[in-house]
Every structure is written in C-alpha cells, then in structure tokens.
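One file, data-v3.txt, carrying compact mmCIF, C-alpha atoms and all ligand atoms:
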# COMPACT_ATOMS: atom_id res chain seq x y z
CA MET R 1 31.67 8.68 40.57
CA THR R 2 30.24 8.93 37.09
CA VAL R 3 28.23 12.05 36.30
CA HIS R 4 25.20 10.76 34.43
CA PHE R 5 23.97 13.39 31.98
CA ASN R 6 22.25 10.91 29.66
CA ASN R 7 18.77 10.84 31.15
CA ALA R 8 17.26 11.41 27.72
CA GLY R 9 18.77 8.01 26.84
CA ALA R 10 18.02 6.23 30.09
CA GLY R 11 17.89 7.62 33.63
CA LEU R 12 19.68 5.89 36.49
CA MET R 13 17.31 3.50 38.22
CA PRO R 14 16.75 4.22 41.93
CA THR R 15 17.62 1.39 44.33
CA ALA R 16 13.91 0.75 44.90
CA VAL R 17 13.59 -0.10 41.20
CA THR R 18 16.49 -2.54 41.04
CA GLN R 19 15.36 -4.14 44.32
CA ALA R 20 11.82 -4.61 43.03
CA MET R 21 13.19 -6.27 39.90
CA THR R 22 15.85 -8.50 41.44
CA GLY R 23 13.52 -9.48 44.29
CA TYR R 24 10.81 -10.50 41.84
CA LEU R 25 13.27 -12.37 39.60
CA THR R 26 14.62 -14.29 42.58
CA GLU R 27 11.09 -15.24 43.61
CA GLU R 28 10.40 -16.46 40.08
CA ALA R 29 13.57 -18.54 40.01
CA LYS R 30 12.89 -20.08 43.41
CA GLY R 31 9.13 -20.46 43.42
CA GLY R 32 7.93 -20.48 39.80
CA ALA R 33 7.01 -17.60 37.50
CA TYR R 34 3.25 -18.25 37.42
CA GLU R 35 3.11 -18.66 41.21
CA THR R 36 5.08 -15.44 41.71
CA GLU R 37 2.74 -13.63 39.35
CA GLN R 38 -0.23 -14.78 41.41
CA ARG R 39 1.40 -13.53 44.60
CA HIS R 40 2.00 -10.09 43.04
CA ALA R 41 -1.32 -9.87 41.19
CA ALA R 42 -2.37 -6.76 43.14
CA THR R 43 0.54 -4.81 41.65
CA LEU R 44 0.68 -6.45 38.24
CA GLU R 45 -3.04 -6.33 37.52
CA ARG R 46 -4.08 -3.16 39.28
CA GLY R 47 -1.39 -1.22 41.14
CA ILE R 48 0.83 -0.42 38.16
CA TYR R 49 -2.19 0.89 36.22
CA ASP R 50 -3.36 3.01 39.14
CA ARG R 51 0.14 4.43 39.60
CA LEU R 52 0.65 5.27 35.90
CA ALA R 53 -2.82 6.83 35.81
CA ARG R 54 -1.66 9.13 38.61
CA VAL R 55 1.66 9.85 36.86
CA LEU R 56 -0.21 10.90 33.70
CA ASP R 57 -3.31 12.35 35.40
CA ALA R 58 -5.44 10.03 33.26
CA PRO R 59 -8.32 7.62 33.92
CA VAL R 60 -7.04 4.19 34.93
CA ASP R 61 -8.97 2.52 32.09
CA ASP R 62 -6.87 4.52 29.60
CA ILE R 63 -3.57 2.94 30.66
CA ALA R 64 -1.87 0.15 28.70
CA LEU R 65 1.63 -1.32 29.09
CA PHE R 66 4.05 -2.05 26.26
CA ASP R 67 7.71 -2.87 25.90
CA SER R 68 8.73 0.48 24.39
CA ALA R 69 7.34 3.89 23.58
CA THR R 70 7.45 3.05 19.87
CA ARG R 71 5.45 -0.13 20.47
CA ALA R 72 2.90 1.91 22.42
CA TRP R 73 2.59 4.48 19.62
CA THR R 74 2.46 2.03 16.71
CA SER R 75 0.07 -0.35 18.53
CA VAL R 76 -2.51 2.43 18.51
CA VAL R 77 -1.77 4.59 15.47
CA SER R 78 -1.58 1.62 13.04
CA HIS R 79 -5.19 0.75 13.83
CA LEU R 80 -6.81 4.17 13.57
CA PRO R 81 -9.75 4.35 11.15
CA PHE R 82 -8.19 6.67 8.57
CA ALA R 83 -9.82 7.28 5.18
CA ALA R 84 -8.14 8.18 1.89
CA GLY R 85 -7.45 11.89 1.71
CA ASP R 86 -7.39 12.40 5.49
CA ARG R 87 -4.89 15.04 6.54
CA ILE R 88 -2.34 14.21 9.22
CA TRP R 89 -0.52 17.06 10.95
CA ILE R 90 2.94 16.45 12.28
CA THR R 91 5.64 18.89 13.40
CA PRO R 92 9.28 19.23 12.29
CA TYR R 93 10.15 17.66 15.66
CA GLU R 94 8.49 14.29 14.96
CA TYR R 95 10.49 11.27 16.11
CA ALA R 96 11.86 9.16 13.23
CA GLY R 97 10.13 5.97 14.37
CA ASN R 98 6.74 7.70 14.31
CA LEU R 99 7.66 9.22 10.97
CA ILE R 100 8.36 5.80 9.48
CA LEU R 101 4.85 4.75 10.46
CA TRP R 102 3.32 7.90 8.95
CA THR R 103 5.26 7.26 5.74
CA GLU R 104 3.90 3.73 5.56
CA LEU R 105 0.31 4.77 6.40
CA ARG R 106 0.47 7.57 3.84
CA ARG R 107 1.50 5.06 1.18
CA ARG R 108 -1.07 2.44 2.12
CA LEU R 109 -4.05 4.66 2.90
CA ASP R 110 -3.41 7.66 0.70
CA LEU R 111 -3.17 10.09 3.60
CA ARG R 112 -1.86 13.64 3.28
CA VAL R 113 0.89 14.20 5.83
CA GLU R 114 1.49 17.92 6.45
CA VAL R 115 4.19 19.54 8.55
CA VAL R 116 2.97 22.38 10.77
CA PRO R 117 5.12 25.47 10.05
CA VAL R 118 7.38 27.02 12.65
CA LEU R 119 8.21 30.63 13.46
CA PRO R 120 11.77 31.93 12.91
CA ASP R 121 12.75 30.97 16.49
CA GLY R 122 11.55 27.36 16.03
CA ASP R 123 8.30 27.62 17.97
CA LEU R 124 5.26 26.11 16.28
CA ASP R 125 3.07 28.59 14.47
CA LEU R 126 -0.05 28.25 16.61
CA ASP R 127 -1.85 30.99 14.66
CA TRP R 128 -1.39 28.89 11.51
CA MET R 129 -2.82 25.87 13.33
CA GLU R 130 -5.81 27.84 14.56
CA ALA R 131 -6.47 29.30 11.10
CA ASN R 132 -6.04 26.04 9.16
CA ILE R 133 -7.54 23.36 11.36
CA ASP R 134 -10.47 21.72 9.64
CA ASP R 135 -12.46 18.54 9.90
CA ASP R 136 -10.44 16.78 7.21
CA VAL R 137 -7.51 16.78 9.66
CA ALA R 138 -7.79 13.30 11.17
CA PHE R 139 -4.79 13.22 13.50
CA VAL R 140 -2.38 15.74 14.99
CA SER R 141 0.90 14.30 16.24
CA VAL R 142 3.14 16.34 18.56
CA PRO R 143 6.15 15.34 20.66
CA HIS R 144 6.10 17.09 24.04
CA VAL R 145 9.92 17.26 23.87
CA PRO R 146 11.77 15.88 20.83
CA SER R 147 14.65 13.43 20.86
CA GLY R 148 17.28 15.73 19.39
CA CYS R 149 16.82 19.13 21.07
CA GLY R 150 15.26 20.60 24.17
CA ILE R 151 12.28 22.56 22.86
CA VAL R 152 9.10 22.06 24.89
CA LEU R 153 6.16 22.09 22.52
CA PRO R 154 2.99 23.83 23.74
CA VAL R 155 0.91 20.66 23.98
CA GLU R 156 -1.69 22.26 26.25
CA GLU R 157 -2.28 25.23 23.92
CA ILE R 158 -2.51 22.86 20.95
CA GLY R 159 -5.04 20.79 22.91
CA ARG R 160 -7.21 23.87 23.33
CA ILE R 161 -7.07 24.62 19.58
CA LEU R 162 -8.00 21.04 18.69
CA ALA R 163 -10.63 20.43 21.38
CA PRO R 164 -13.70 21.41 19.31
CA ARG R 165 -12.47 19.47 16.27
CA ARG R 166 -12.98 15.97 14.95
CA CYS R 167 -9.28 15.04 14.83
CA PHE R 168 -7.52 12.75 17.25
CA TYR R 169 -4.60 14.28 19.09
CA GLY R 170 -1.50 12.21 19.95
CA VAL R 171 1.35 13.38 22.17
CA ASP R 172 4.69 11.58 22.26
CA ALA R 173 5.73 12.25 25.86
CA CYS R 174 8.76 9.96 25.79
CA GLN R 175 11.18 12.74 26.79
CA SER R 176 8.88 14.62 29.14
CA VAL R 177 7.33 12.11 31.55
CA GLY R 178 9.41 12.36 34.73
CA GLN R 179 10.95 15.74 33.96
CA LEU R 180 7.98 18.02 33.23
CA PRO R 181 4.42 18.04 34.54
CA VAL R 182 2.40 15.82 32.20
CA SER R 183 -1.37 15.76 32.55
CA LEU R 184 -3.60 14.05 30.03
CA ALA R 185 -6.53 15.95 31.51
CA VAL R 186 -4.89 19.34 30.94
CA ILE R 187 -3.38 18.51 27.53
CA GLY R 188 -6.68 17.07 26.35
CA CYS R 189 -5.12 14.51 24.00
CA ASP R 190 -6.51 11.15 22.90
CA LEU R 191 -3.19 9.33 23.02
CA LEU R 192 -0.08 9.88 25.09
CA THR R 193 2.90 7.52 24.95
CA ALA R 194 6.16 7.24 26.90
CA ALA R 195 9.06 4.98 27.78
CA GLY R 196 9.77 3.86 31.34
CA ARG R 197 13.54 4.10 31.13
CA LYS R 198 14.15 7.81 30.63
CA TYR R 199 13.23 10.59 33.07
CA LEU R 200 10.90 8.25 34.96
CA ARG R 201 13.99 6.14 35.84
CA GLY R 202 12.34 2.79 35.19
CA PRO R 203 13.89 -0.24 33.51
CA ARG R 204 14.60 -0.76 29.83
CA GLY R 205 12.02 -2.69 27.83
CA THR R 206 9.08 -0.81 29.36
CA GLY R 207 6.71 1.64 27.72
CA PHE R 208 3.15 2.74 28.32
CA ALA R 209 0.30 4.71 26.87
CA ALA R 210 -2.82 6.52 27.90
CA ILE R 211 -5.42 5.79 25.24
CA GLY R 212 -8.54 7.89 25.66
CA SER R 213 -12.05 6.43 25.46
CA ARG R 214 -13.06 8.52 22.41
CA LEU R 215 -10.19 7.00 20.44
CA ARG R 216 -10.68 3.48 21.84
CA ALA R 217 -14.29 3.52 20.73
CA ARG R 218 -13.25 4.17 17.12
CA VAL R 219 -10.53 1.52 16.88
CA SER R 220 -11.32 -1.98 15.71
CA LEU R 221 -8.33 -4.11 16.67
CA PRO R 222 -7.44 -7.07 14.46
CA PHE R 223 -6.55 -9.16 17.51
CA HIS R 224 -7.27 -9.46 21.23
CA ASP R 225 -5.10 -11.63 23.46
CA LEU R 226 -6.34 -13.96 26.16
CA HIS R 227 -6.11 -11.56 29.10
CA THR R 228 -8.99 -9.64 27.52
CA ALA R 229 -10.82 -12.10 25.24
CA ASP R 230 -12.38 -15.60 25.34
CA MET R 231 -13.43 -18.01 22.65
CA VAL R 232 -17.14 -18.43 23.46
CA ALA R 233 -17.92 -20.79 20.56
CA ASP R 234 -15.81 -22.64 18.01
CA ASP R 235 -15.99 -19.65 15.70
CA ALA R 236 -16.68 -16.72 18.02
CA TYR R 237 -14.81 -14.76 20.63
CA GLU R 238 -15.83 -12.08 23.07
CA VAL R 239 -13.79 -9.22 24.44
CA ARG R 240 -14.21 -8.76 28.17
CA THR R 241 -13.13 -5.15 28.57
CA GLU R 242 -13.37 -1.76 26.93
CA SER R 243 -10.22 -0.63 28.73
CA ALA R 244 -6.93 0.17 27.02
CA ARG R 245 -5.58 -3.21 28.11
CA ARG R 246 -7.17 -4.51 24.89
CA PHE R 247 -4.13 -3.08 23.09
CA GLU R 248 -1.70 -5.19 25.13
CA TYR R 249 -0.59 -8.75 24.67
CA ALA R 250 -1.00 -11.10 27.63
CA GLU R 251 2.64 -12.11 28.10
CA ARG R 252 4.94 -9.56 29.73
CA GLY R 253 8.31 -9.35 31.39
CA ASN R 254 7.01 -9.09 34.94
CA PRO R 255 10.33 -8.08 36.57
CA GLY R 256 10.25 -5.07 34.25
CA VAL R 257 6.64 -4.29 35.17
CA MET R 258 7.57 -4.46 38.88
CA GLY R 259 10.51 -2.14 38.19
CA LEU R 260 8.26 0.28 36.33
CA ASP R 261 5.83 0.22 39.23
CA ALA R 262 8.65 1.03 41.67
CA ALA R 263 9.78 3.89 39.37
CA ALA R 264 6.25 5.28 39.24
CA ARG R 265 5.99 5.14 43.06
CA HIS R 266 9.37 6.83 43.36
CA HIS R 267 8.27 9.53 40.94
CA LEU R 268 4.98 10.12 42.74
CA ALA R 269 6.85 10.65 46.01
CA ARG R 270 9.16 13.33 44.55
CA THR R 271 9.13 16.82 46.01
CA ASP R 272 11.91 18.41 43.92
CA SER R 273 11.20 21.02 41.29
CA GLY R 274 12.79 19.14 38.38
CA PRO R 275 16.01 19.53 36.42
CA GLY R 276 15.32 23.04 35.06
CA PRO R 277 18.05 24.96 36.96
CA LEU R 278 20.71 22.39 36.02
CA ARG R 279 19.63 22.65 32.42
CA ASP R 280 20.29 26.39 32.49
CA ALA R 281 23.69 25.83 34.12
CA VAL R 282 24.68 23.24 31.48
CA ARG R 283 23.57 25.56 28.72
CA GLU R 284 25.67 28.40 30.15
CA VAL R 285 28.75 26.18 30.26
CA VAL R 286 28.33 25.14 26.63
CA GLU R 287 27.52 28.64 25.44
CA GLY R 288 30.59 30.04 27.17
CA LEU R 289 33.06 27.87 25.26
CA PRO R 290 34.43 29.06 21.92
CA GLY R 291 33.41 27.11 18.81
CA THR R 292 30.20 25.63 20.23
CA ARG R 293 26.83 25.90 18.51
CA LEU R 294 23.69 25.22 20.50
CA ILE R 295 20.82 23.42 18.74
CA ASP R 296 18.20 25.14 20.80
CA PRO R 297 15.03 26.17 18.98
CA GLY R 298 11.96 27.58 20.68
CA SER R 299 11.10 29.70 23.69
CA ARG R 300 10.48 26.94 26.27
CA HIS R 301 13.19 24.43 27.09
CA ALA R 302 13.52 21.07 28.80
CA ALA R 303 16.61 19.47 30.33
CA LEU R 304 18.13 18.44 26.98
CA VAL R 305 20.96 20.62 25.76
CA THR R 306 22.35 19.70 22.36
CA PHE R 307 25.33 21.26 20.66
CA THR R 308 28.05 20.81 18.06
CA HIS R 309 31.59 22.15 17.93
CA ASP R 310 33.23 23.69 14.86
CA ARG R 311 36.46 21.70 15.27
CA VAL R 312 35.85 18.61 17.44
CA PRO R 313 33.38 15.97 16.14
CA SER R 314 30.48 15.18 18.46
CA GLN R 315 31.53 11.52 18.81
CA ASP R 316 34.97 12.62 20.02
CA ILE R 317 33.40 14.97 22.55
CA ARG R 318 31.19 12.16 23.85
CA ALA R 319 34.11 9.75 24.08
CA GLY R 320 36.34 12.38 25.69
CA LEU R 321 33.71 13.21 28.32
CA HIS R 322 33.07 9.52 28.97
CA GLY R 323 36.82 9.01 29.55
CA ARG R 324 36.60 11.79 32.15
CA GLY R 325 33.65 10.23 33.98
CA VAL R 326 30.81 12.18 32.36
CA ASN R 327 28.06 10.38 30.44
CA VAL R 328 26.47 12.29 27.59
CA TRP R 329 25.05 10.90 24.38
CA ILE R 330 24.86 11.60 20.67
CA ALA R 331 21.66 13.09 19.25
CA GLN R 332 21.46 11.55 15.80
CA GLY R 333 20.09 14.01 13.27
CA SER R 334 18.31 11.09 11.60
CA HIS R 335 16.21 10.51 14.75
CA THR R 336 14.59 13.94 14.49
CA PRO R 337 15.17 14.19 10.74
CA LEU R 338 12.81 16.94 9.62
CA TYR R 339 14.19 19.57 11.98
CA MET R 340 17.82 18.45 12.15
CA ARG R 341 18.10 18.46 8.35
CA THR R 342 16.91 22.06 8.17
CA VAL R 343 19.69 23.10 10.56
CA GLY R 344 22.23 20.82 8.85
CA VAL R 345 23.09 18.68 11.87
CA GLU R 346 23.89 14.98 11.47
CA GLN R 347 25.18 14.44 14.99
CA ALA R 348 25.18 16.62 18.09
CA VAL R 349 26.24 16.13 21.70
CA ARG R 350 23.16 15.72 23.91
CA VAL R 351 23.52 16.62 27.58
CA SER R 352 20.50 15.70 29.67
CA PRO R 353 20.69 16.23 33.45
CA HIS R 354 17.96 15.24 35.89
CA TYR R 355 16.82 16.37 39.32
CA TYR R 356 19.23 13.99 41.08
CA ASN R 357 22.26 15.63 39.47
CA SER R 358 23.91 18.47 41.38
CA PRO R 359 25.65 21.78 40.64
CA ALA R 360 28.91 19.94 41.42
CA ASP R 361 28.10 17.57 38.52
CA VAL R 362 27.77 20.59 36.23
CA GLU R 363 31.21 21.78 37.41
CA THR R 364 32.71 18.36 36.67
CA PHE R 365 31.08 18.47 33.23
CA ALA R 366 32.40 22.00 32.63
CA GLY R 367 35.98 21.01 33.55
CA ALA R 368 35.85 17.88 31.41
CA LEU R 369 34.38 19.70 28.42
CA CYS R 370 37.05 22.44 28.60
CA ASP R 371 39.67 19.71 28.62
CA VAL R 372 38.18 17.87 25.65
CA LEU R 373 37.84 21.03 23.56
CA ARG R 374 41.31 22.35 24.44
C1 LIG R 401 10.78 11.73 21.40
C2 LIG R 401 10.92 10.23 21.37
N1 LIG R 401 9.89 9.48 20.98
C3 LIG R 401 9.95 8.14 20.93
C4 LIG R 401 11.11 7.48 21.30
C5 LIG R 401 11.15 5.99 21.19
O1 LIG R 401 11.22 5.35 22.42
P1 LIG R 401 11.48 3.78 22.46
O2 LIG R 401 12.94 3.61 22.14
O3 LIG R 401 11.13 3.36 23.86
O4 LIG R 401 10.63 3.14 21.45
C6 LIG R 401 12.22 8.22 21.72
C7 LIG R 401 13.46 7.52 22.10
O5 LIG R 401 14.47 8.08 22.38
C8 LIG R 401 12.12 9.63 21.77
O6 LIG R 401 13.15 10.39 22.15

Please go through the file and, once you have read it, give me the structure as structure tokens.
Ligand SMILES: Cc1ncc(COP(=O)(O)O)c(C=O)c1O
Amino acid sequence: MTVHFNNAGAGLMPTAVTQAMTGYLTEEAKGGAYETEQRHAATLERGIYDRLARVLDAPVDDIALFDSATRAWTSVVSHLPFAAGDRIWITPYEYAGNLILWTELRRRLDLRVEVVPVLPDGDLDLDWMEANIDDDVAFVSVPHVPSGCGIVLPVEEIGRILAPRRCFYGVDACQSVGQLPVSLAVIGCDLLTAAGRKYLRGPRGTGFAAIGSRLRARVSLPFHDLHTADMVADDAYEVRTESARRFEYAERGNPGVMGLDAAARHHLARTDSGPGPLRDAVREVVEGLPGTRLIDPGSRHAALVTFTHDRVPSQDIRAGLHGRGVNVWIAQGSHTPLYMRTVGVEQAVRVSPHYYNSPADVETFAGALCDVLR
C-alpha cells in the first residue's frame, strides 16, 4: 500500500467521490449530458452551493465555483476597483500565481505593493500591521497556509485589525480548507479561495470562492454569462442575480462538480480532529535525522513539513521515497518566492499527511527516509 503524504498536492479521493463522478459520467454517456444535468439540478444548482457554504461558514450567495483556486482568485482580484496609488499589502508567503497578478496590476494601475514585515521567527508582525493600516490600503492578501511551508497565518487576528478599515481582505485558503477550521464569518474576509483537490479530497479541476457582498457590490464585471444574464433588447442585457455566481461561466465539468459535492459531504460528516498529531510525528522523524534542515517558520503549524538535506538533493529524496512506496512532493522555492528566497531554498521535500493517514504510515515514512539518506 502506498503511503500518501502529498495531500498538499492532491488528497486521495474517498470512494464516495469517485463513485459520484463515474456514476454521473456513465449517466451522461448513456442518457445525454443535458438530460443528466436536469436530473441532478438539485445538486448542481443548489446543493453544492449549500454544502460549500457550510464548509466555509459563509452565506450561500457568496459561493462561486471555478476550475482552480487560481481561477477563483484572479476572477475576482482582476476586477477590483483599484485606483492609482492604492496600497496593496501582501505577505512573504504569497503564492506565486497571486504574485504574478499583483505584479501585472501594479504595472497597469500604478499600485504600491508592500510586503508586511515578519518577526525573527517568521510570524507576521501584527503590531506593524495595526500601527500602519490606513485607508489608502485597498487590499490585504494573506494565505492561510502557504504552498511551501507549514506556517499557519493568523487570519482571524488580521481580520480583527482590518475590520474597521476600508480595505478588502482576501484569504487564500487553498492549503487549509479540509485540514484546519475555516470560517469566513470568524475570519471576516471579503474573499476566500480554495481548490477542491487538496485537503478537501475532491477532484482535480475544481476550485471555489466565497465572495462577500461588500466586495461584490463594488465590482463591475466586464462580462456575465447566460446562467446569470439575459439579452433583454438588441443592445441591452440584464443580470438576474447579485450572488457570487455572476463570477462564474455557465459551462462546467459536471462530473467534477458532483465529485466536489461528494467531497464536501464527506468533509462535513468528519468527526476526526485533523492531521495535527501526524504532522508533529513527521516533523520529529525529519528533525531526528542528521543533515536535515526544516523550513518551518512561525509559531503555528499545519500538516505541511518541508525540509532539505545537506547532502542528498530534494528530488532524489522524493524519488527514493516514491520507490519505497511513500508519496511526498517537491516544494518549489519559486512557488512561494518571497519567503523561500530569503531562506535560500530552491527546492525542498514537502511531506503533507492528512487525517486518514496513520502512525504506521509515519513509521513507514521514517524507515524509508532513513534508507534514502543512508
Ligand atoms: C497556497 C496556494 N495558493 C494557490 C494555489 C493554486 O491552486 P490551483 O493550482 O488550484 O490554482 C496553490 C496550489 O498549490 C497553493 O498552494
């Protein structure tokens, strides 16, 4: 049996997810895709939104579906009403895809993109944020957990600092939904985005967002697709909804949406306490081996343990573990470039267990890692 410690890449889909997808696909092939869609309208048009609203503790009208977390983020952030000179706050843990968009928006709109400073241990300097927040800050962008290391950023505390302010607050929850409690209501953000395939254990090609009403009211979209808009005269159209579905396109991969719905149901039925204990066990194994260096900033940690070795390249460790039945992945420094550059890491081994892994999996990992580093 493979030990899957690459949940930060993509979690293993539960049987209920694969069954929902293959069942739907078979129905499409046998009975027609439009007809199948009609039969499953309760899930596709309502149920999936209700379920994701419960997963994120957000109003159902805030939920929109996309085909990736990046699509969710860019579909909203590209259309925000920024003005020249607006300040954008990001953190050193910003995901590279989001950073590419900020770079482009800065160039086009003459924004000032500022990186929030961190304390010596890697935690964000919340006192600095509190002292420097002003009404020329238009957007604050924070990943709940970054791609390349396991720090949990204090999104709730940041939400409290920003609450009285004019700025919009966006949280990239790609690596946290499914492994940590995520509540839009508690965080108090205007935008929260995630992928279905990671700790939520949904299929690839699925992403979603919660887009708050304050933000929606300020965005003027350049296009609305036909599930939300009608041509009411030869030269006029009307939008039928104020909900976040305005940000979607009409056409979707419905087997994927059914799989995402099954993953959300599965998640909502969970009673475990998450992957935290396994994370600590993995960290202990890595720390105990000579030559390893943990990339582990901050005081709160999620189930992503990244490390390098002073003699064996990360790619060789990954390949060696894979050959011994253990899946881990490579954290590319360029995917979390601001932080990883400051610590001089181009590639690290990323080990990301989930609640369905066991202490025996950690033992298998430990044995395999010892072998590879021998
Ligand atoms: C923190 C973070 N944000 C965003 C993304 C992008 O997700 P997607 O590949 O679904 O666009 C990732 C992907 O790994 C990520 O780790």

Expected answer as a ChimeraX atom specification: residues within 10 Å of ligand LIG 401 (chain R), all atoms listed in the file: /R:8-10,66-74,93-98,142-149,171-176,193-198,204-208,331,335-336

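Across the structure, CA of Met13 in chain R and CA of Leu52 in chain R are spaced 16.9 Å apart.
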
Sort by chain and increasing residue number a table of all residues of range 189-301 of chain R within 8 Å of range 102-124 of chain R, each with its closest pair of atoms and their distance in Å to one decimal, counting all atoms listed in the file, and write it as JSON lines.
{"residue": "R:Pro297", "atom": "CA", "partner": "R:Gly122", "partner_atom": "CA", "distance": 4.7}
{"residue": "R:Gly298", "atom": "CA", "partner": "R:Asp123", "partner_atom": "CA", "distance": 4.6}
{"residue": "R:Ser299", "atom": "CA", "partner": "R:Asp123", "partner_atom": "CA", "distance": 6.7}

Mind writing the picked residues with C-alpha atoms as a PDB file, in the coordinates of the input?
ATOM      1  CA  PRO R 297      15.030  26.170  18.980  1.00  0.00           C
ATOM      2  CA  GLY R 298      11.960  27.580  20.680  1.00  0.00           C
ATOM      3  CA  SER R 299      11.100  29.700  23.690  1.00  0.00           C
TER       4      SER R 299
END

Which residue of R:Asp86, R:Asp261, R:Asp280, R:Asp134 approaches Asp296 in chain R most closely, using only C-alpha atoms: R:Asp280

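Distances here use only C-alpha atoms; by that measure, the residue among R:Glu37, R:Glu248, R:Asp135, R:Glu287 closest to Ala209 in chain R is R:Glu248.
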
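Non-sequential neighbours of Ala185 in chain R (distance at most 7 Å, separation of 3 or more positions within a chain, only C-alpha atoms) are Asp57, Ala58 and Gly188 of chain R.
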
Is there a way to complete range 185-201 of chain R with N, CA, C and O atoms and then write that out as an mmCIF file, in the frame of the given file?
data_model
loop_
_atom_site.group_PDB
_atom_site.id
_atom_site.type_symbol
_atom_site.label_atom_id
_atom_site.label_comp_id
_atom_site.auth_asym_id
_atom_site.auth_seq_id
_atom_site.Cartn_x
_atom_site.Cartn_y
_atom_site.Cartn_z
ATOM 1 N N ALA R 185 -5.314 15.146 31.324
ATOM 2 C CA ALA R 185 -6.530 15.950 31.510
ATOM 3 C C ALA R 185 -6.303 17.368 31.020
ATOM 4 O O ALA R 185 -7.159 17.951 30.354
ATOM 5 N N VAL R 186 -5.154 17.950 31.334
ATOM 6 C CA VAL R 186 -4.890 19.340 30.940
ATOM 7 C C VAL R 186 -4.553 19.423 29.453
ATOM 8 O O VAL R 186 -5.004 20.331 28.749
ATOM 9 N N ILE R 187 -3.762 18.483 28.957
ATOM 10 C CA ILE R 187 -3.380 18.510 27.530
ATOM 11 C C ILE R 187 -4.615 18.265 26.655
ATOM 12 O O ILE R 187 -4.761 18.855 25.592
ATOM 13 N N GLY R 188 -5.461 17.358 27.116
ATOM 14 C CA GLY R 188 -6.680 17.070 26.350
ATOM 15 C C GLY R 188 -6.409 16.239 25.109
ATOM 16 O O GLY R 188 -7.098 16.380 24.097
ATOM 17 N N CYS R 189 -5.408 15.345 25.183
ATOM 18 C CA CYS R 189 -5.120 14.510 24.000
ATOM 19 C C CYS R 189 -5.831 13.169 24.099
ATOM 20 O O CYS R 189 -6.313 12.778 25.166
ATOM 21 N N ASP R 190 -5.864 12.469 22.965
ATOM 22 C CA ASP R 190 -6.510 11.150 22.900
ATOM 23 C C ASP R 190 -5.512 10.033 23.111
ATOM 24 O O ASP R 190 -5.901 8.890 23.385
ATOM 25 N N LEU R 191 -4.246 10.344 22.898
ATOM 26 C CA LEU R 191 -3.190 9.330 23.020
ATOM 27 C C LEU R 191 -1.958 10.003 23.564
ATOM 28 O O LEU R 191 -1.566 11.084 23.087
ATOM 29 N N LEU R 192 -1.346 9.371 24.560
ATOM 30 C CA LEU R 192 -0.080 9.880 25.090
ATOM 31 C C LEU R 192 0.806 8.659 25.338
ATOM 32 O O LEU R 192 0.361 7.681 25.946
ATOM 33 N N THR R 193 2.024 8.689 24.819
ATOM 34 C CA THR R 193 2.900 7.520 24.950
ATOM 35 C C THR R 193 4.229 7.922 25.601
ATOM 36 O O THR R 193 4.668 9.064 25.475
ATOM 37 N N ALA R 194 4.864 6.967 26.253
ATOM 38 C CA ALA R 194 6.160 7.240 26.900
ATOM 39 C C ALA R 194 6.912 5.949 27.144
ATOM 40 O O ALA R 194 6.339 4.855 27.098
ATOM 41 N N ALA R 195 8.211 6.112 27.405
ATOM 42 C CA ALA R 195 9.060 4.980 27.780
ATOM 43 C C ALA R 195 9.301 5.046 29.289
ATOM 44 O O ALA R 195 9.336 6.128 29.873
ATOM 45 N N GLY R 196 9.513 3.881 29.905
ATOM 46 C CA GLY R 196 9.770 3.860 31.340
ATOM 47 C C GLY R 196 11.191 4.257 31.702
ATOM 48 O O GLY R 196 11.468 4.709 32.812
ATOM 49 N N ARG R 197 12.115 4.082 30.756
ATOM 50 C CA ARG R 197 13.540 4.100 31.130
ATOM 51 C C ARG R 197 14.173 5.480 31.203
ATOM 52 O O ARG R 197 15.316 5.589 31.621
ATOM 53 N N LYS R 198 13.489 6.516 30.750
ATOM 54 C CA LYS R 198 14.150 7.810 30.630
ATOM 55 C C LYS R 198 13.995 8.617 31.927
ATOM 56 O O LYS R 198 14.504 8.215 32.953
ATOM 57 N N TYR R 199 13.283 9.733 31.870
ATOM 58 C CA TYR R 199 13.230 10.590 33.070
ATOM 59 C C TYR R 199 12.389 9.982 34.187
ATOM 60 O O TYR R 199 12.413 10.455 35.310
ATOM 61 N N LEU R 200 11.646 8.927 33.887
ATOM 62 C CA LEU R 200 10.900 8.250 34.960
ATOM 63 C C LEU R 200 11.803 7.297 35.740
ATOM 64 O O LEU R 200 11.439 6.827 36.814
ATOM 65 N N ARG R 201 12.963 6.953 35.181
ATOM 66 C CA ARG R 201 13.990 6.140 35.840
ATOM 67 C C ARG R 201 13.572 4.689 36.035
ATOM 68 O O ARG R 201 13.989 4.015 36.981
#
